[in-house]
>>> print(open('coords.cif').read())   # mmCIF, C-alpha atoms
data_protein
loop_
_atom_site.group_PDB
_atom_site.id
_atom_site.type_symbol
_atom_site.label_atom_id
_atom_site.label_comp_id
_atom_site.auth_asym_id
_atom_site.auth_seq_id
_atom_site.Cartn_x
_atom_site.Cartn_y
_atom_site.Cartn_z
ATOM 1 C CA MET A 62 0.000 0.000 0.000
ATOM 2 C CA ASP A 63 1.536 3.289 -1.198
ATOM 3 C CA ASP A 64 -0.887 5.647 0.482
ATOM 4 C CA PHE A 65 -3.313 5.911 3.383
ATOM 5 C CA LEU A 66 -6.441 8.028 3.016
ATOM 6 C CA GLY A 67 -4.804 9.759 0.088
ATOM 7 C CA LEU A 68 -1.657 10.604 2.050
ATOM 8 C CA PRO A 69 1.756 9.139 1.164
ATOM 9 C CA MET A 70 3.001 6.561 3.662
ATOM 10 C CA LEU A 71 5.234 7.866 6.439
ATOM 11 C CA PRO A 72 8.679 6.239 5.975
ATOM 12 C CA LEU A 73 9.313 5.990 9.721
ATOM 13 C CA ASP A 74 11.151 2.668 9.417
ATOM 14 C CA VAL A 75 13.563 4.153 6.854
ATOM 15 C CA TRP A 76 14.249 7.186 9.053
ATOM 16 C CA ILE A 77 14.932 5.003 12.097
ATOM 17 C CA GLN A 78 17.241 2.706 10.135
ATOM 18 C CA ASP A 79 19.191 5.649 8.705
ATOM 19 C CA TRP A 80 19.593 7.149 12.179
ATOM 20 C CA VAL A 81 20.702 3.835 13.651
ATOM 21 C CA ASP A 82 23.238 3.266 10.866
ATOM 22 C CA ALA A 83 24.724 6.726 11.440
ATOM 23 C CA PHE A 84 24.799 6.266 15.226
ATOM 24 C CA VAL A 85 26.419 2.837 15.039
ATOM 25 C CA GLY A 86 29.002 4.032 12.552
ATOM 26 C CA ALA A 87 29.993 6.914 14.818
ATOM 27 C CA TRP A 88 29.876 5.224 18.245
ATOM 28 C CA ARG A 89 30.509 1.526 17.711
ATOM 29 C CA PRO A 90 34.254 1.741 18.589
ATOM 30 C CA PHE A 91 33.289 3.343 21.916
ATOM 31 C CA PHE A 92 30.786 0.604 22.723
ATOM 32 C CA GLN A 93 33.272 -2.065 21.683
ATOM 33 C CA MET A 94 35.666 -0.606 24.277
ATOM 34 C CA LEU A 95 32.937 -0.769 26.939
ATOM 35 C CA ARG A 96 32.602 -4.513 26.469
ATOM 36 C CA LEU A 97 36.211 -5.217 27.493
ATOM 37 C CA PRO A 98 35.737 -5.296 31.308
ATOM 38 C CA ILE A 99 32.576 -7.390 30.925
ATOM 39 C CA GLU A 100 34.364 -9.798 28.618
ATOM 40 C CA GLN A 101 37.350 -10.112 30.934
ATOM 41 C CA LEU A 102 35.240 -10.794 34.014
ATOM 42 C CA LEU A 103 32.963 -13.236 32.204
ATOM 43 C CA THR A 104 35.882 -15.128 30.686
ATOM 44 C CA GLY A 105 37.750 -15.188 33.986
ATOM 45 C CA ILE A 106 34.802 -16.573 35.957
ATOM 46 C CA ASN A 107 33.990 -19.153 33.296
ATOM 47 C CA GLN A 108 37.560 -20.372 32.963
ATOM 48 C CA GLY A 109 37.964 -20.434 36.729
ATOM 49 C CA LEU A 110 34.849 -22.553 37.241
ATOM 50 C CA LEU A 111 35.865 -24.986 34.496
ATOM 51 C CA ALA A 112 39.418 -25.233 35.841
ATOM 52 C CA VAL A 113 38.237 -26.466 39.237
ATOM 53 C CA PRO A 114 37.546 -30.225 39.431
ATOM 54 C CA PRO A 115 33.774 -30.734 39.485
ATOM 55 C CA LEU A 116 33.827 -32.695 42.745
ATOM 56 C CA LEU A 117 35.816 -29.971 44.509
ATOM 57 C CA LEU A 118 33.513 -27.238 43.196
ATOM 58 C CA ILE A 119 30.448 -29.166 44.340
ATOM 59 C CA ALA A 120 31.971 -29.569 47.811
ATOM 60 C CA VAL A 121 32.867 -25.858 48.072
ATOM 61 C CA LEU A 122 29.444 -24.627 46.972
ATOM 62 C CA ALA A 123 27.710 -27.156 49.217
ATOM 63 C CA ALA A 124 29.794 -25.907 52.153
ATOM 64 C CA LEU A 125 28.788 -22.329 51.301
ATOM 65 C CA ALA A 126 25.140 -23.396 51.215
ATOM 66 C CA ALA A 127 25.511 -25.130 54.587
ATOM 67 C CA TRP A 128 26.995 -21.959 56.072
ATOM 68 C CA ARG A 129 24.100 -19.857 54.833
ATOM 69 C CA ARG A 130 21.086 -22.184 54.995
ATOM 70 C CA GLY A 131 22.004 -25.404 56.734
ATOM 71 C CA ALA A 132 22.590 -29.045 55.824
ATOM 72 C CA ALA A 133 19.335 -29.615 53.931
ATOM 73 C CA PHE A 134 19.978 -26.786 51.490
ATOM 74 C CA ALA A 135 23.603 -27.869 51.145
ATOM 75 C CA ALA A 136 22.396 -31.309 50.070
ATOM 76 C CA PHE A 137 20.090 -29.678 47.518
ATOM 77 C CA ILE A 138 22.971 -27.613 46.080
ATOM 78 C CA GLY A 139 25.205 -30.673 45.884
ATOM 79 C CA LEU A 140 22.544 -32.768 44.157
ATOM 80 C CA THR A 141 21.734 -29.933 41.743
ATOM 81 C CA LEU A 142 25.348 -29.527 40.644
ATOM 82 C CA PHE A 143 25.824 -33.279 40.448
ATOM 83 C CA LEU A 144 22.743 -33.613 38.225
ATOM 84 C CA MET A 145 23.988 -30.855 35.909
ATOM 85 C CA GLY A 146 27.133 -32.844 35.282
ATOM 86 C CA TRP A 147 25.404 -36.204 35.194
ATOM 87 C CA VAL A 148 23.115 -35.183 32.331
ATOM 88 C CA GLY A 149 26.103 -33.879 30.337
ATOM 89 C CA LEU A 150 25.523 -30.137 30.827
ATOM 90 C CA TRP A 151 28.324 -29.262 33.237
ATOM 91 C CA ARG A 152 30.134 -26.889 30.869
ATOM 92 C CA GLU A 153 26.870 -25.211 29.820
ATOM 93 C CA SER A 154 25.837 -24.828 33.456
ATOM 94 C CA MET A 155 29.149 -23.205 34.378
ATOM 95 C CA THR A 156 28.736 -20.774 31.465
ATOM 96 C CA SER A 157 25.248 -19.832 32.661
ATOM 97 C CA ILE A 158 26.551 -19.336 36.201
ATOM 98 C CA SER A 159 29.319 -17.124 34.778
ATOM 99 C CA ILE A 160 26.797 -14.981 32.899
ATOM 100 C CA VAL A 161 24.631 -14.599 36.005
ATOM 101 C CA ALA A 162 27.627 -13.771 38.226
ATOM 102 C CA THR A 163 28.915 -11.194 35.726
ATOM 103 C CA THR A 164 25.461 -9.664 35.395
ATOM 104 C CA VAL A 165 24.944 -9.354 39.147
ATOM 105 C CA THR A 166 28.414 -7.847 39.610
ATOM 106 C CA PHE A 167 27.959 -5.108 37.019
ATOM 107 C CA ALA A 168 24.300 -4.558 37.925
ATOM 108 C CA ALA A 169 25.360 -3.938 41.535
ATOM 109 C CA LEU A 170 28.221 -1.645 40.472
ATOM 110 C CA ILE A 171 25.809 0.363 38.320
ATOM 111 C CA GLY A 172 22.461 0.029 40.087
ATOM 112 C CA VAL A 173 23.356 0.606 43.738
ATOM 113 C CA PRO A 174 25.305 3.876 43.192
ATOM 114 C CA ILE A 175 22.597 5.218 40.878
ATOM 115 C CA GLY A 176 19.928 4.316 43.430
ATOM 116 C CA ILE A 177 21.908 6.112 46.139
ATOM 117 C CA LEU A 178 22.300 9.232 43.976
ATOM 118 C CA LEU A 179 18.594 9.267 43.174
ATOM 119 C CA ALA A 180 17.747 8.956 46.874
ATOM 120 C CA GLU A 181 20.119 11.760 47.851
ATOM 121 C CA TYR A 182 18.953 14.068 45.053
ATOM 122 C CA ARG A 183 15.189 13.561 44.908
ATOM 123 C CA PRO A 184 14.457 15.840 41.878
ATOM 124 C CA ALA A 185 16.501 13.470 39.697
ATOM 125 C CA TRP A 186 14.047 10.684 40.600
ATOM 126 C CA ARG A 187 11.289 12.419 38.613
ATOM 127 C CA ILE A 188 13.408 12.080 35.485
ATOM 128 C CA ALA A 189 14.772 8.613 36.209
ATOM 129 C CA LYS A 190 11.483 6.959 37.200
ATOM 130 C CA PRO A 191 9.791 7.047 33.752
ATOM 131 C CA VAL A 192 13.032 5.863 32.145
ATOM 132 C CA LEU A 193 13.244 2.916 34.546
ATOM 133 C CA ASP A 194 9.545 2.152 34.012
ATOM 134 C CA VAL A 195 10.083 2.011 30.243
ATOM 135 C CA MET A 196 13.121 -0.247 30.680
ATOM 136 C CA GLN A 197 11.171 -2.629 32.919
ATOM 137 C CA THR A 198 8.115 -2.811 30.669
ATOM 138 C CA THR A 199 10.089 -3.192 27.433
ATOM 139 C CA PRO A 200 9.896 -6.813 26.193
ATOM 140 C CA SER A 201 13.141 -8.633 26.793
ATOM 141 C CA PHE A 202 13.567 -9.465 23.110
ATOM 142 C CA VAL A 203 13.791 -5.755 22.285
ATOM 143 C CA TYR A 204 17.077 -5.470 24.195
ATOM 144 C CA LEU A 205 18.697 -7.846 21.738
ATOM 145 C CA VAL A 206 18.356 -5.465 18.767
ATOM 146 C CA PRO A 207 20.573 -2.562 19.940
ATOM 147 C CA VAL A 208 23.014 -4.966 21.565
ATOM 148 C CA VAL A 209 23.557 -6.845 18.305
ATOM 149 C CA MET A 210 24.045 -3.591 16.391
ATOM 150 C CA LEU A 211 26.539 -2.162 18.890
ATOM 151 C CA PHE A 212 28.323 -5.232 20.248
ATOM 152 C CA GLY A 213 27.726 -8.021 17.737
ATOM 153 C CA ILE A 214 26.676 -11.547 18.652
ATOM 154 C CA GLY A 215 28.030 -14.060 21.141
ATOM 155 C CA THR A 216 28.168 -14.714 24.858
ATOM 156 C CA VAL A 217 29.538 -11.298 25.839
ATOM 157 C CA PRO A 218 26.817 -9.319 23.991
ATOM 158 C CA GLY A 219 24.302 -11.682 25.593
ATOM 159 C CA ALA A 220 25.713 -10.783 29.013
ATOM 160 C CA ILE A 221 25.469 -7.072 28.145
ATOM 161 C CA ALA A 222 21.803 -7.472 27.189
ATOM 162 C CA THR A 223 21.256 -9.315 30.462
ATOM 163 C CA ILE A 224 22.859 -6.479 32.449
ATOM 164 C CA MET A 225 20.636 -3.916 30.722
ATOM 165 C CA PHE A 226 17.540 -5.969 31.463
ATOM 166 C CA ALA A 227 18.328 -6.834 35.082
ATOM 167 C CA THR A 228 19.667 -3.522 36.437
ATOM 168 C CA PRO A 229 16.520 -1.284 36.636
ATOM 169 C CA PRO A 230 14.846 -3.233 39.507
ATOM 170 C CA LEU A 231 17.992 -2.921 41.605
ATOM 171 C CA ILE A 232 18.084 0.854 41.031
ATOM 172 C CA LYS A 233 14.446 1.169 42.088
ATOM 173 C CA LEU A 234 14.739 -0.986 45.189
ATOM 174 C CA THR A 235 17.930 0.757 46.300
ATOM 175 C CA TYR A 236 16.131 4.085 45.995
ATOM 176 C CA LEU A 237 13.051 2.820 47.831
ATOM 177 C CA GLY A 238 15.098 1.275 50.625
ATOM 178 C CA LEU A 239 16.875 4.558 51.304
ATOM 179 C CA VAL A 240 13.863 6.884 51.094
ATOM 180 C CA GLN A 241 11.874 4.629 53.417
ATOM 181 C CA VAL A 242 14.381 5.023 56.258
ATOM 182 C CA SER A 243 12.511 6.598 59.154
ATOM 183 C CA PRO A 244 13.128 10.327 59.725
ATOM 184 C CA GLU A 245 13.763 9.602 63.422
ATOM 185 C CA SER A 246 16.864 7.583 62.560
ATOM 186 C CA SER A 247 18.229 10.372 60.380
ATOM 187 C CA GLU A 248 17.447 12.980 63.013
ATOM 188 C CA ALA A 249 19.295 10.954 65.646
ATOM 189 C CA GLY A 250 22.399 10.889 63.470
ATOM 190 C CA ASN A 251 22.144 14.614 62.795
ATOM 191 C CA ALA A 252 21.766 15.283 66.504
ATOM 192 C CA PHE A 253 25.112 13.592 67.165
ATOM 193 C CA GLY A 254 26.850 15.636 64.458
ATOM 194 C CA ALA A 255 26.991 13.049 61.686
ATOM 195 C CA THR A 256 27.899 14.377 58.267
ATOM 196 C CA ARG A 257 25.766 13.574 55.238
ATOM 197 C CA LEU A 258 28.189 10.848 54.154
ATOM 198 C CA GLN A 259 28.356 9.340 57.657
ATOM 199 C CA LEU A 260 24.571 9.395 57.861
ATOM 200 C CA LEU A 261 24.342 7.543 54.543
ATOM 201 C CA VAL A 262 27.006 4.938 55.300
ATOM 202 C CA HIS A 263 26.251 4.200 58.956
ATOM 203 C CA VAL A 264 22.510 4.790 59.246
ATOM 204 C CA LYS A 265 20.637 4.754 55.945
ATOM 205 C CA LEU A 266 22.455 1.983 54.098
ATOM 206 C CA PRO A 267 22.344 -0.513 57.012
ATOM 207 C CA LEU A 268 18.623 0.113 57.448
ATOM 208 C CA ALA A 269 18.019 -0.220 53.693
ATOM 209 C CA LEU A 270 20.156 -3.340 53.369
ATOM 210 C CA ASP A 271 17.246 -5.800 53.345
ATOM 211 C CA THR A 272 15.539 -3.919 50.510
ATOM 212 C CA ILE A 273 18.787 -3.709 48.541
ATOM 213 C CA ARG A 274 19.310 -7.429 49.083
ATOM 214 C CA ALA A 275 15.810 -8.039 47.696
ATOM 215 C CA GLY A 276 16.801 -6.007 44.642
ATOM 216 C CA ILE A 277 19.910 -8.131 44.140
ATOM 217 C CA ASN A 278 17.804 -11.270 44.464
ATOM 218 C CA GLN A 279 15.406 -9.973 41.808
ATOM 219 C CA THR A 280 18.376 -9.116 39.597
ATOM 220 C CA ILE A 281 19.597 -12.703 39.868
ATOM 221 C CA MET A 282 16.227 -14.082 38.817
ATOM 222 C CA LEU A 283 15.956 -11.703 35.866
ATOM 223 C CA ALA A 284 19.526 -12.541 34.852
ATOM 224 C CA ILE A 285 18.688 -16.245 34.669
ATOM 225 C CA VAL A 286 15.591 -15.507 32.572
ATOM 226 C CA MET A 287 17.415 -13.153 30.212
ATOM 227 C CA SER A 288 20.466 -15.400 29.876
ATOM 228 C CA SER A 289 18.256 -18.020 28.259
ATOM 229 C CA ILE A 290 16.677 -15.452 25.915
ATOM 230 C CA ALA A 291 20.146 -14.130 25.026
ATOM 231 C CA ALA A 292 20.841 -17.509 23.418
ATOM 232 C CA MET A 293 18.988 -16.079 20.410
ATOM 233 C CA ILE A 294 22.039 -13.877 19.717
ATOM 234 C CA GLY A 295 24.563 -16.642 20.304
ATOM 235 C CA ALA A 296 25.057 -16.546 24.070
ATOM 236 C CA GLU A 297 26.247 -19.938 25.251
ATOM 237 C CA GLY A 298 25.005 -21.811 28.273
ATOM 238 C CA LEU A 299 21.852 -23.661 29.232
ATOM 239 C CA GLY A 300 19.682 -21.242 27.238
ATOM 240 C CA LEU A 301 21.445 -22.263 24.049
ATOM 241 C CA THR A 302 20.781 -25.914 24.893
ATOM 242 C CA VAL A 303 17.063 -25.169 25.232
ATOM 243 C CA LEU A 304 17.061 -23.179 21.991
ATOM 244 C CA ARG A 305 18.801 -25.966 20.090
ATOM 245 C CA GLY A 306 16.354 -28.496 21.462
ATOM 246 C CA ILE A 307 13.410 -26.400 20.274
ATOM 247 C CA ALA A 308 14.972 -25.820 16.839
ATOM 248 C CA ARG A 309 15.556 -29.569 16.369
ATOM 249 C CA LEU A 310 12.228 -30.557 17.924
ATOM 250 C CA ASP A 311 14.316 -32.510 20.430
ATOM 251 C CA VAL A 312 12.060 -32.470 23.478
ATOM 252 C CA GLY A 313 14.580 -34.331 25.608
ATOM 253 C CA MET A 314 17.367 -31.807 25.018
ATOM 254 C CA ALA A 315 15.063 -28.823 25.605
ATOM 255 C CA ALA A 316 13.554 -30.372 28.739
ATOM 256 C CA THR A 317 16.973 -31.242 30.181
ATOM 257 C CA GLY A 318 18.282 -27.723 29.615
ATOM 258 C CA GLY A 319 15.090 -26.236 31.049
ATOM 259 C CA LEU A 320 15.300 -28.448 34.139
ATOM 260 C CA CYS A 321 18.880 -27.335 34.793
ATOM 261 C CA LEU A 322 17.801 -23.694 34.421
ATOM 262 C CA VAL A 323 15.018 -24.198 36.963
ATOM 263 C CA LEU A 324 17.390 -25.871 39.421
ATOM 264 C CA LEU A 325 19.925 -23.080 38.907
ATOM 265 C CA ALA A 326 17.232 -20.483 39.646
ATOM 266 C CA LEU A 327 16.152 -22.288 42.827
ATOM 267 C CA ALA A 328 19.751 -22.655 43.996
ATOM 268 C CA THR A 329 20.755 -19.038 43.419
ATOM 269 C CA ASP A 330 17.487 -17.755 44.859
ATOM 270 C CA GLY A 331 18.049 -19.742 48.036
ATOM 271 C CA LEU A 332 21.638 -18.565 48.378
ATOM 272 C CA ALA A 333 20.695 -14.922 47.828
ATOM 273 C CA GLN A 334 17.689 -14.810 50.155
ATOM 274 C CA SER A 335 19.403 -15.478 53.452
ATOM 275 C CA ALA A 336 22.446 -14.121 55.243
ATOM 276 C CA PRO A 337 24.765 -16.050 57.559
ATOM 277 C CA ARG A 338 24.640 -15.454 61.266
ATOM 278 C CA ARG A 339 27.418 -13.200 62.435
ATOM 279 C CA ARG A 340 28.368 -11.329 65.552
ATOM 280 C CA ALA A 341 27.658 -7.625 65.687
ATOM 281 C CA ARG A 342 30.673 -5.490 64.829
ATOM 282 C CA PRO A 343 31.762 -3.276 67.740
ATOM 283 C CA TRP A 344 32.484 -0.284 65.484
ATOM 284 C CA ALA A 345 28.899 -0.373 64.203
ATOM 285 C CA GLY A 346 27.370 -0.083 67.651
ATOM 286 C CA LEU A 347 27.377 3.706 67.831
ATOM 287 C CA TYR A 348 24.737 4.292 65.188
ATOM 288 C CA ALA A 349 22.720 1.334 66.386
ATOM 289 C CA ARG A 350 22.512 3.084 69.769
ATOM 290 C CA LEU A 351 21.617 6.332 68.034
ATOM 291 C CA GLN A 352 18.666 4.601 66.401
ATOM 292 C CA ARG A 353 17.465 3.138 69.696
ATOM 293 C CA GLN A 354 17.735 6.278 71.783
ATOM 294 C CA PRO A 355 14.663 8.111 70.397
ATOM 295 C CA VAL A 356 12.579 4.995 70.928
ATOM 296 C CA ALA A 357 13.810 4.607 74.498
ATOM 297 C CA ALA A 358 13.105 8.262 75.205
ATOM 298 C CA ALA A 359 9.564 7.877 73.922
#
>>> encode(input="coords.cif", output="structure tokens")
Amino acid sequence: MDDFLGLPMLPLDVWIQDWVDAFVGAWRPFFQMLRLPIEQLLTGINQGLLAVPPLLLIAVLAALAAWRRGAAFAAFIGLTLFLMGWVGLWRESMTSISIVATTVTFAALIGVPIGILLAEYRPAWRIAKPVLDVMQTTPSFVYLVPVVMLFGIGTVPGAIATIMFATPPLIKLTYLGLVQVSPESSEAGNAFGATRLQLLVHVKLPLALDTIRAGINQTIMLAIVMSSIAAMIGAEGLGLTVLRGIARLDVGMAATGGLCLVLLALATDGLAQSAPRRRARPWAGLYARLQRQPVAAA
């Protein structure tokens, strides 16, 4: 159709493609440079996991699970890792774990500081909130298009798409955790002469830690989901196994990869949800007492 209601068709797709071609041609070297730290961390984690004997890695991760959740969860972690190797997907599972670990690392490095800045400078939240809402409501497949244009295809671009997809919830929850700190706690710190930085580090962040931890947990879950979708642009791991199974109509391969993804999600979710018991640090007692004093006075 060359016209609509007598009007020539609007060549919006041509305009967008021309703009994208010009943008990529001008900025692609810059974005290629940005991928270097992500590539180095991802490669280092993946090679490190594959270099460790599977039995030793299972024992170490099971011990970590026992420290955080107890013997029952440690047994679950051990059986999960053993099953991943037993069904022939050990290497793919380690690659998926590497992608998730890289995503969470960079999401935390990006999301937590941005959330803190937005909480400290409230007017910026009015600008950032609609942007974060758009990022969260954008279908995950849409992230693959600009990533392919700017970074190419492969595991590293897949990790970049995963970082873009999984970071906005952490920014929001970091912001919410800080702004929901009670005014009484802040006033107690101010009364004892705390600077703005001391108030943030010793009062607000400890009180917002549970909310920030929930944001990291949500980031982990989104990273696992997106890492499987990123297989469409060549990202390796369990997602690629599922995609190959679907393409070949091999139900067994797809189901096995999907089962390992589900077990990986359950394992990482359990590890991220709880914190180990530890003794209170003496140097942190001052601001804890500051928080209690207004309550005691009341």
>>> atom_distance(input="coords.cif", atom1="atom CA of A:Gly331", atom2="atom CA of A:Leu237")
23.1 Å
>>> residues_around(input="coords.cif", residues="A:Leu142", least_positions_apart="4", cutoff="7 Å", atoms="only C-alpha atoms", output="VMD selection string")
chain A and resid 119 138 146
>>> resolve_selection(input="coords.cif", expression="the PyMOL selection byres ((chain A and resi 90-106) around 8)", output="mmCIF file with C-alpha atoms, in the frame of the given file")
data_model
loop_
_atom_site.group_PDB
_atom_site.id
_atom_site.type_symbol
_atom_site.label_atom_id
_atom_site.label_comp_id
_atom_site.auth_asym_id
_atom_site.auth_seq_id
_atom_site.Cartn_x
_atom_site.Cartn_y
_atom_site.Cartn_z
ATOM 1 C CA ALA A 87 29.993 6.914 14.818
ATOM 2 C CA TRP A 88 29.876 5.224 18.245
ATOM 3 C CA ARG A 89 30.509 1.526 17.711
ATOM 4 C CA ASN A 107 33.990 -19.153 33.296
ATOM 5 C CA GLN A 108 37.560 -20.372 32.963
ATOM 6 C CA GLY A 109 37.964 -20.434 36.729
ATOM 7 C CA LEU A 110 34.849 -22.553 37.241
ATOM 8 C CA SER A 159 29.319 -17.124 34.778
ATOM 9 C CA ILE A 160 26.797 -14.981 32.899
ATOM 10 C CA THR A 163 28.915 -11.194 35.726
ATOM 11 C CA PHE A 167 27.959 -5.108 37.019
ATOM 12 C CA LEU A 211 26.539 -2.162 18.890
ATOM 13 C CA PHE A 212 28.323 -5.232 20.248
ATOM 14 C CA VAL A 217 29.538 -11.298 25.839
ATOM 15 C CA PRO A 218 26.817 -9.319 23.991
ATOM 16 C CA ALA A 220 25.713 -10.783 29.013
ATOM 17 C CA ILE A 221 25.469 -7.072 28.145
#
>>> resolve_selection(input="coords.cif", expression="the PyMOL selection byres ((chain A and resi 332) around 12)", output="JSON, numbers by chain")
{"A": [122, 123, 124, 125, 126, 127, 128, 129, 130, 131, 134, 135, 137, 138, 274, 277, 278, 281, 282, 325, 326, 327, 328, 329, 330, 331, 333, 334, 335, 336, 337]}
>>> closest_residue(input="coords.cif", among="A:Pro230, A:Asp311, A:Leu299, A:Ala275", to="A:Val148", atoms="all atoms listed in the file")
A:Leu299
>>> residues_near_point(input="coords.cif", point="(16.5, 1.3, 50.5)", cutoff="6 Å", atoms="all atoms listed in the file", output="JSON, numbers by chain")
{"A": [235, 236, 237, 238, 239, 269, 272, 273]}
>>> residues_near_point(input="coords.cif", point="(23.2, 3.8, 41.5)", cutoff="10 Å", atoms="all atoms listed in the file", output="VMD selection string")
chain A and resid 168 to 180 228 to 229 231 to 233 235 to 236
>>> atom_distance(input="coords.cif", atom1="atom CA of A:Ile214", atom2="atom CA of A:Ala296")
7.5 Å
>>> atom_distance(input="coords.cif", atom1="atom CA of A:Lys190", atom2="atom CA of A:Tyr204")
18.8 Å
